[in-house]
Amino acid sequence: MSGSTARLQAISAVTNFKASSPPLNFHELSSHDLFGANVFSMGEMQKRLPKQVFKSLKKTIETGAKLDPGIADVVATAMKEWAIEKGATHYAHVFYPLTGLTAEKHDSFLSPTSEGRAVAEFTGSQLVQGEPDASSFPSGGIRATFEARGYTAWDVTSPAYILENPNGTTLCIPTAFVSWTGEALDKKTPLLRSMKALNVQAQRILKLLGHREVAHVSATAGPEQEYFLIDRNFFFARPDLLNAARSLFGAKPPKGQEFEDQYFGAIPDRVLACMLDTERELFKLGIPVKTRHNEVAPAQYEIAPVFENANIAADHQQLIMLTLKKVAQKHGMECLRHEKPFAGVNGSGKHLNWSLGNSTQGNLLDPGETPHENMQFLIFCAAVIRAVHKHSGLLRAVVASANNDHRLGANEAPPAIISIFLGDQLADVFEQIKAGGAKSSKVKGTLTVGVDTLPVLPKDAGDRNRTSPFAFTGNRFEFRAVGSSQSLAGPLVALNTIVAESLDYIATELDKATGGDASKLNAAVQKLLQEIITKHGAVIFNGDNYSAAWHEEAEKRGLPNLKATVDALPVLATPEVAEVFEKYGVLSQRELQSRHDIYLEQYIKTVSTEAKLVVEIARTMIFPAAVRYQSELAVACTNLKTLGYTFDTDTLDTITRLVKDLQDGTTALEKSLAHHGGGLLDEAKHFSNTVLPAMLKVREAADTLEGYVSDDLWPLPTYQEMLFIK
């Protein structure tokens, strides 16, 4: 089958698509009963566990107290019985290796007996610890290939759940993943360590402020997940989407997003059916998804849950990504989570809304109605400002990837310069503090629309800024530079750790200044806040982050502009970053170095795969189609001349030149792949500075040819088809 025939058949299949799955029956269970139906929740544990066992487990979950190993057998038995009632035949330790993906090792509950029968068993030791092969996951040198032993460890703070399949169910147990030497091989372990560090330092601040009852302080997260949906027939007709998750060729369609008619537009029926199905599955897993809508680009959408404990939010985010992909396939579509699946069209991010709080003091980043009088808020906000300014390079590094390089700095994403947007009200308060003391806060107002039948609307004290990479949005900070396909864990680890360091600094300085005398606290806080905003206020910027003027201004302020992954990842190898992670026991020097090396390797592998795909598609699909059209055009030209007609050869000459450009570019790209550098960073720089530009030259010729070659010969589904045919 020719490429063009495959493309035309794909279009036909899409336009004739009929949903194969029956409509969902939401009357089977009420929304209340549906939510968390497949989760071994606190409520489920309370029903099934002895009172003292539940009390011990609850204390560990809610306060971070040490887990009592003696309760493991009792919990395992109750968990097994619950899972078997749900139809489970296997259990799986679910973990999050440094691939950024989710990994599972499934084991059966059944164990053979001497009588030739089998019994369902699940012991405390099986619950607490598993042993997957550590040599088969990236370790950055922590594990040699011949050293295979690694362990999964039960994370009691993240609830077990049931994974459904048409042919059965599996009990899934979230776990950490460490090497035989005890070093973290995963995303979860450093996250749990960073949350412990944050809690310790936040409690110091709260006790200094005179709070007698201080509950466990936890980071919270609420990620907004953007994604694309295209029909699977198009997906399979595009080797680049199939293997690289982004289109390496494709001319922009005549109509894109310039009419601004996609954002919050009516959701197509087929897409809405997929969304409803996805939400149902997520509700059963206890994931509190709240929002769905069309995004800016055609075929782009967003889903967002409400705030949760950061560790649980990271686990749930992995489940959201898996569920989106699985359910989309049931509806004949493919979910693309790549940061920039279509060049020239808005890409996707995962806006990470981050805050911290506890059950006794509430949200510690809530400014209240008069933030200038809210000492607690000002301290925690100042800690974030100091942390982001001191470690802006680290925040850039933890969102660095080959995929995100295509998005950061484009019109739909913040630039690579990390700055903070505070809004008019808080910026004014901190300016007053810098000048000697805050006396007032800009007040919220009301907005009269001018239509009597419409209500008077409460008006915030300041506007929002969608161009900022790190923006305060009412009672939290929104880290908008995170990529759509990335795990939340890396950015959360960085944020928790650097804020813990700032809180440590503030608590230590206040201790020194007051000597334990509470009467000196107010003056000490005012002085310290003034010092912090004077020293670190350069990171605050409320203007247009897209403007060229901001790049110049940021340079004057000394803010780093790490434009590409190869510029950003070396930050992980700096002494300053190693010091802060080691000080709070989040990552050792060896663990940090392993991540630096792994992420460079992943960058090289990603670009290498894409480059090989460009060569393959250019030679086996685009070149043959272009040559066929060139040949048809040449024959037509000759025939017309024979008949005595004058024929304009400009089009033929242009195609001939473009075909040569395509051939020359493909040859040059292939030669560039033969490079072998002296080290990972050198090799990564080669791919960034040489291979990627060579890929773009091939694409430029191919995309121009798309505008000339006869439509019935063009082999790849076009942007126009993929984005607009549902």
# chains A, B, ... in the order shown; residues from 1 in each chain; ligands from 1
call {"tool": "residues_around", "arguments": {"residues": "Lys51 of chain A", "least_positions_apart": "6", "cutoff": "12 Å", "atoms": "only C-alpha atoms", "output": "PyMOL selection string"}}
result
chain A and resi 45+57-58+71+74-75
call {"tool": "residues_around", "arguments": {"residues": "Gln602 of chain A", "least_positions_apart": "6", "cutoff": "9 Å", "atoms": "only C-alpha atoms", "output": "VMD selection string"}}
result
chain A and resid 99 401 to 402
call {"tool": "residues_around", "arguments": {"residues": "segment 358-363 of chain A", "least_positions_apart": "6", "cutoff": "8 Å", "atoms": "only C-alpha atoms", "output": "PyMOL selection string"}}
result
chain A and resi 213-218+475
call {"tool": "closest_atom_pairs", "arguments": {"of": "segment 163-190 of chain A", "to": "segment 278-302 of chain A", "cutoff": "12 Å", "atoms": "only C-alpha atoms", "output": "CSV"}}
result
residue,atom,partner,partner_atom,distance
A:Leu163,CA,A:Leu285,CA,8.4
A:Glu164,CA,A:Glu281,CA,9.1
A:Asn165,CA,A:Glu281,CA,11.4
A:Leu171,CA,A:Leu285,CA,11.7
A:Cys172,CA,A:Leu285,CA,10.8
call {"tool": "residues_around", "arguments": {"residues": "Leu600 of chain A", "least_positions_apart": "5", "cutoff": "8 Å", "atoms": "only C-alpha atoms", "output": "MDAnalysis selection string"}}
result
chainID A and resid 566 569 680:681 684
call {"tool": "write_last_selection", "arguments": {"atoms": "N, CA, C and O atoms", "output": "PDB file, in the first residue's frame"}}
result
ATOM      1  N   VAL A 566      20.827  21.630  27.279  1.00  0.00           N
ATOM      2  CA  VAL A 566      22.277  21.494  27.465  1.00  0.00           C
ATOM      3  C   VAL A 566      22.858  22.664  28.256  1.00  0.00           C
ATOM      4  O   VAL A 566      23.959  22.560  28.801  1.00  0.00           O
ATOM      5  N   LEU A 569      20.952  21.627  32.340  1.00  0.00           N
ATOM      6  CA  LEU A 569      21.268  20.440  33.132  1.00  0.00           C
ATOM      7  C   LEU A 569      22.594  20.535  33.888  1.00  0.00           C
ATOM      8  O   LEU A 569      22.701  19.984  35.001  1.00  0.00           O
ATOM      9  N   LEU A 680      29.230  12.935  28.009  1.00  0.00           N
ATOM     10  CA  LEU A 680      27.792  13.110  27.820  1.00  0.00           C
ATOM     11  C   LEU A 680      27.431  14.539  27.442  1.00  0.00           C
ATOM     12  O   LEU A 680      26.633  14.764  26.532  1.00  0.00           O
ATOM     13  N   LEU A 681      27.987  15.505  28.145  1.00  0.00           N
ATOM     14  CA  LEU A 681      27.641  16.898  27.870  1.00  0.00           C
ATOM     15  C   LEU A 681      28.107  17.309  26.481  1.00  0.00           C
ATOM     16  O   LEU A 681      27.381  17.997  25.749  1.00  0.00           O
ATOM     17  N   ALA A 684      25.725  15.755  24.034  1.00  0.00           N
ATOM     18  CA  ALA A 684      24.437  16.442  24.072  1.00  0.00           C
ATOM     19  C   ALA A 684      24.514  17.791  23.363  1.00  0.00           C
ATOM     20  O   ALA A 684      23.580  18.180  22.639  1.00  0.00           O
TER      21      ALA A 684
END
call {"tool": "residues_around", "arguments": {"residues": "Lys188 of chain A", "least_positions_apart": "4", "cutoff": "8 Å", "atoms": "only C-alpha atoms", "output": "ChimeraX atom specification"}}
result
/A:95-96,175-177,192,311,489
call {"tool": "write_last_selection", "arguments": {"atoms": "N, CA, C and O atoms", "output": "mmCIF file, in the first residue's frame"}}
result
data_model
loop_
_atom_site.group_PDB
_atom_site.id
_atom_site.type_symbol
_atom_site.label_atom_id
_atom_site.label_comp_id
_atom_site.auth_asym_id
_atom_site.auth_seq_id
_atom_site.Cartn_x
_atom_site.Cartn_y
_atom_site.Cartn_z
ATOM 1 N N PHE A 95 5.987 1.677 40.948
ATOM 2 C CA PHE A 95 7.036 2.622 41.300
ATOM 3 C C PHE A 95 7.338 3.523 40.110
ATOM 4 O O PHE A 95 6.821 3.324 38.998
ATOM 5 N N TYR A 96 8.180 4.522 40.351
ATOM 6 C CA TYR A 96 8.386 5.585 39.367
ATOM 7 C C TYR A 96 9.874 5.771 39.105
ATOM 8 O O TYR A 96 10.535 6.613 39.728
ATOM 9 N N THR A 175 4.921 2.437 45.714
ATOM 10 C CA THR A 175 6.157 2.132 46.443
ATOM 11 C C THR A 175 7.279 3.078 46.034
ATOM 12 O O THR A 175 7.251 3.689 44.968
ATOM 13 N N ALA A 176 8.282 3.146 46.903
ATOM 14 C CA ALA A 176 9.558 3.775 46.564
ATOM 15 C C ALA A 176 10.459 2.700 45.952
ATOM 16 O O ALA A 176 10.228 1.500 46.146
ATOM 17 N N PHE A 177 11.502 3.123 45.231
ATOM 18 C CA PHE A 177 12.396 2.184 44.547
ATOM 19 C C PHE A 177 13.831 2.595 44.844
ATOM 20 O O PHE A 177 14.255 3.691 44.470
ATOM 21 N N LEU A 192 9.574 12.271 48.958
ATOM 22 C CA LEU A 192 9.218 12.043 50.351
ATOM 23 C C LEU A 192 10.251 12.669 51.289
ATOM 24 O O LEU A 192 9.903 13.244 52.325
ATOM 25 N N ASN A 311 2.826 14.363 47.410
ATOM 26 C CA ASN A 311 3.214 13.005 47.049
ATOM 27 C C ASN A 311 2.068 12.271 46.364
ATOM 28 O O ASN A 311 2.251 11.609 45.331
ATOM 29 N N ALA A 489 7.282 15.002 40.119
ATOM 30 C CA ALA A 489 8.164 14.779 41.258
ATOM 31 C C ALA A 489 9.404 15.666 41.229
ATOM 32 O O ALA A 489 9.768 16.253 42.251
#
call {"tool": "residues_around", "arguments": {"residues": "Phe234 of chain A", "least_positions_apart": "5", "cutoff": "9 Å", "atoms": "only C-alpha atoms", "output": "PyMOL selection string"}}
result
chain A and resi 7+10-11+14+716-718+721-722
call {"tool": "closest_atom_pairs", "arguments": {"of": "segment 415-503 of chain A", "to": "segment 320-327 of chain A", "cutoff": "10 Å", "atoms": "only C-alpha atoms", "output": "JSON lines"}}
result
{"residue": "A:Ser484", "atom": "CA", "partner": "A:Met321", "partner_atom": "CA", "distance": 9.4}
{"residue": "A:Ser485", "atom": "CA", "partner": "A:Met321", "partner_atom": "CA", "distance": 8.1}
{"residue": "A:Gln486", "atom": "CA", "partner": "A:Met321", "partner_atom": "CA", "distance": 9.8}
{"residue": "A:Ser487", "atom": "CA", "partner": "A:Met321", "partner_atom": "CA", "distance": 9.7}
call {"tool": "write_last_selection", "arguments": {"atoms": "all heavy atoms", "output": "PDB file, in the first residue's frame"}}
result
ATOM      1  N   SER A 484       4.384  19.021  29.757  1.00  0.00           N
ATOM      2  CA  SER A 484       3.165  18.213  29.858  1.00  0.00           C
ATOM      3  C   SER A 484       3.429  16.725  30.044  1.00  0.00           C
ATOM      4  O   SER A 484       2.609  16.014  30.618  1.00  0.00           O
ATOM      5  CB  SER A 484       2.291  18.423  28.611  1.00  0.00           C
ATOM      6  OG  SER A 484       3.026  18.136  27.443  1.00  0.00           O
ATOM      7  N   SER A 485       4.563  16.226  29.556  1.00  0.00           N
ATOM      8  CA  SER A 485       4.847  14.795  29.688  1.00  0.00           C
ATOM      9  C   SER A 485       5.694  14.477  30.907  1.00  0.00           C
ATOM     10  O   SER A 485       6.002  13.317  31.171  1.00  0.00           O
ATOM     11  CB  SER A 485       5.571  14.281  28.429  1.00  0.00           C
ATOM     12  OG  SER A 485       6.868  14.857  28.326  1.00  0.00           O
ATOM     13  N   GLN A 486       6.085  15.500  31.663  1.00  0.00           N
ATOM     14  CA  GLN A 486       7.008  15.296  32.772  1.00  0.00           C
ATOM     15  C   GLN A 486       6.312  14.821  34.044  1.00  0.00           C
ATOM     16  O   GLN A 486       5.145  15.125  34.281  1.00  0.00           O
ATOM     17  CB  GLN A 486       7.765  16.600  33.075  1.00  0.00           C
ATOM     18  CG  GLN A 486       8.727  17.011  31.980  1.00  0.00           C
ATOM     19  CD  GLN A 486       9.457  18.303  32.315  1.00  0.00           C
ATOM     20  OE1 GLN A 486       8.872  19.252  32.804  1.00  0.00           O
ATOM     21  NE2 GLN A 486      10.743  18.338  32.044  1.00  0.00           N
ATOM     22  N   SER A 487       7.066  14.094  34.859  1.00  0.00           N
ATOM     23  CA  SER A 487       6.606  13.759  36.202  1.00  0.00           C
ATOM     24  C   SER A 487       6.622  15.025  37.048  1.00  0.00           C
ATOM     25  O   SER A 487       7.493  15.879  36.905  1.00  0.00           O
ATOM     26  CB  SER A 487       7.539  12.708  36.818  1.00  0.00           C
ATOM     27  OG  SER A 487       7.357  12.631  38.210  1.00  0.00           O
TER      28      SER A 487
END
call {"tool": "residues_around", "arguments": {"residues": "Tyr584 of chain A", "least_positions_apart": "2", "cutoff": "12 Å", "atoms": "only C-alpha atoms", "output": "short mmCIF file (atom, residue, chain, number, x, y, z; two decimals) with N, CA, C and O atoms, in the first residue's frame"}}
result
data_model
loop_
_atom_site.label_atom_id
_atom_site.label_comp_id
_atom_site.auth_asym_id
_atom_site.auth_seq_id
_atom_site.Cartn_x
_atom_site.Cartn_y
_atom_site.Cartn_z
N PRO A 190 13.12 10.79 46.71
CA PRO A 190 13.54 12.17 47.00
C PRO A 190 12.37 13.09 47.32
O PRO A 190 12.51 14.02 48.12
N LEU A 191 11.21 12.83 46.72
CA LEU A 191 10.03 13.65 47.00
C LEU A 191 9.62 13.50 48.46
O LEU A 191 9.35 14.49 49.15
N LEU A 192 9.57 12.27 48.96
CA LEU A 192 9.22 12.04 50.35
C LEU A 192 10.25 12.67 51.29
O LEU A 192 9.90 13.24 52.33
N ARG A 193 11.52 12.58 50.92
CA ARG A 193 12.57 13.21 51.74
C ARG A 193 12.40 14.72 51.77
O ARG A 193 12.56 15.36 52.82
N SER A 194 12.09 15.31 50.60
CA SER A 194 11.95 16.77 50.53
C SER A 194 10.75 17.26 51.34
O SER A 194 10.78 18.33 51.94
N MET A 195 9.69 16.46 51.37
CA MET A 195 8.51 16.84 52.14
C MET A 195 8.80 16.78 53.64
O MET A 195 8.30 17.59 54.42
N LYS A 196 9.62 15.82 54.03
CA LYS A 196 10.04 15.73 55.43
C LYS A 196 10.84 16.98 55.81
O LYS A 196 10.62 17.58 56.88
N ALA A 197 11.77 17.38 54.95
CA ALA A 197 12.60 18.57 55.23
C ALA A 197 11.74 19.82 55.31
O ALA A 197 11.94 20.68 56.18
N LEU A 198 10.78 19.94 54.42
CA LEU A 198 9.91 21.12 54.41
C LEU A 198 9.09 21.19 55.69
O LEU A 198 8.92 22.26 56.29
N ASN A 199 8.57 20.05 56.12
CA ASN A 199 7.78 20.02 57.35
C ASN A 199 8.60 20.48 58.55
O ASN A 199 8.14 21.29 59.36
N VAL A 200 9.83 19.99 58.67
CA VAL A 200 10.68 20.34 59.81
C VAL A 200 10.91 21.83 59.88
O VAL A 200 10.76 22.46 60.94
N GLN A 201 11.26 22.45 58.75
CA GLN A 201 11.60 23.87 58.75
C GLN A 201 10.35 24.75 58.89
O GLN A 201 10.38 25.79 59.54
N VAL A 493 10.34 18.16 44.18
CA VAL A 493 11.54 17.95 45.00
C VAL A 493 12.34 19.24 45.10
O VAL A 493 12.78 19.64 46.18
N ALA A 494 12.53 19.91 43.96
CA ALA A 494 13.30 21.15 43.95
C ALA A 494 12.61 22.23 44.78
O ALA A 494 13.24 22.88 45.63
N ASN A 496 10.27 22.01 47.18
CA ASN A 496 10.22 21.69 48.60
C ASN A 496 11.57 21.93 49.28
O ASN A 496 11.65 22.47 50.38
N THR A 497 12.64 21.51 48.60
CA THR A 497 13.97 21.58 49.20
C THR A 497 14.46 23.01 49.31
O THR A 497 14.99 23.42 50.36
N ILE A 498 14.31 23.80 48.25
CA ILE A 498 14.84 25.17 48.30
C ILE A 498 14.01 26.05 49.23
O ILE A 498 14.55 26.95 49.88
N VAL A 499 12.71 25.77 49.33
CA VAL A 499 11.90 26.53 50.29
C VAL A 499 12.24 26.11 51.71
O VAL A 499 12.30 26.95 52.63
N ALA A 500 12.50 24.82 51.93
CA ALA A 500 12.95 24.36 53.26
C ALA A 500 14.24 25.07 53.65
O ALA A 500 14.40 25.50 54.80
N GLU A 501 15.15 25.23 52.70
CA GLU A 501 16.42 25.92 52.98
C GLU A 501 16.17 27.37 53.36
O GLU A 501 16.81 27.91 54.29
N SER A 502 15.25 28.04 52.66
CA SER A 502 14.94 29.43 52.98
C SER A 502 14.26 29.55 54.35
O SER A 502 14.55 30.48 55.12
N ASP A 504 14.64 27.52 56.83
CA ASP A 504 15.72 27.25 57.77
C ASP A 504 16.52 28.53 58.03
O ASP A 504 16.81 28.90 59.18
N VAL A 577 24.03 23.40 44.28
CA VAL A 577 22.87 22.51 44.24
C VAL A 577 23.14 21.26 45.06
O VAL A 577 22.28 20.80 45.83
N ALA A 578 24.34 20.71 44.94
CA ALA A 578 24.69 19.52 45.72
C ALA A 578 24.60 19.82 47.21
O ALA A 578 24.10 19.00 48.00
N GLU A 579 25.04 21.01 47.60
CA GLU A 579 25.05 21.38 49.02
C GLU A 579 23.64 21.44 49.60
O GLU A 579 23.38 20.91 50.69
N VAL A 580 22.71 22.06 48.86
CA VAL A 580 21.36 22.20 49.42
C VAL A 580 20.65 20.86 49.50
O VAL A 580 19.94 20.56 50.47
N PHE A 581 20.84 19.98 48.50
CA PHE A 581 20.19 18.67 48.54
C PHE A 581 20.80 17.78 49.63
O PHE A 581 20.09 17.05 50.32
N GLU A 582 22.12 17.84 49.77
CA GLU A 582 22.77 17.00 50.78
C GLU A 582 22.45 17.48 52.20
O GLU A 582 22.26 16.68 53.11
N VAL A 586 18.02 15.08 50.98
CA VAL A 586 17.09 14.80 49.88
C VAL A 586 17.77 13.98 48.79
O VAL A 586 17.22 12.98 48.31
N LEU A 587 18.95 14.40 48.39
CA LEU A 587 19.73 13.67 47.39
C LEU A 587 21.21 13.76 47.76
O LEU A 587 21.71 14.85 48.05
N SER A 588 21.88 12.63 47.74
CA SER A 588 23.33 12.64 47.96
C SER A 588 24.02 13.13 46.68
O SER A 588 23.41 13.21 45.61
#
call {"tool": "select_by_dssp", "arguments": {"residues": "segment 28-161 of chain A", "states": "strand (DSSP E or B)", "output": "VMD selection string"}}
result
chain A and resid 39 88 to 95 97 103 to 108 110 to 112 118 to 120 129 to 130 133 149 to 154 161
call {"tool": "closest_residue", "arguments": {"among": "A:Leu394, A:Ile725, A:Ile385, A:Ala65", "to": "Gly490 of chain A", "atoms": "only C-alpha atoms"}}
result
A:Leu394
call {"tool": "closest_residue", "arguments": {"among": "A:Val607, A:Leu209, A:Leu529, A:Ala153", "to": "Ser688 of chain A", "atoms": "only C-alpha atoms"}}
result
A:Val607
call {"tool": "select_by_dssp", "arguments": {"residues": "segment 56-238 of chain A", "states": "alpha helix (DSSP H)", "output": "count of residues only"}}
result
53
call {"tool": "atom_distance", "arguments": {"atom1": "atom CA of Pro97 of chain A", "atom2": "atom CA of Arg143 of chain A"}}
result
13.2 Å
call {"tool": "atom_distance", "arguments": {"atom1": "atom CA of Leu365 of chain A", "atom2": "atom CA of Gln203 of chain A"}}
result
14.3 Å
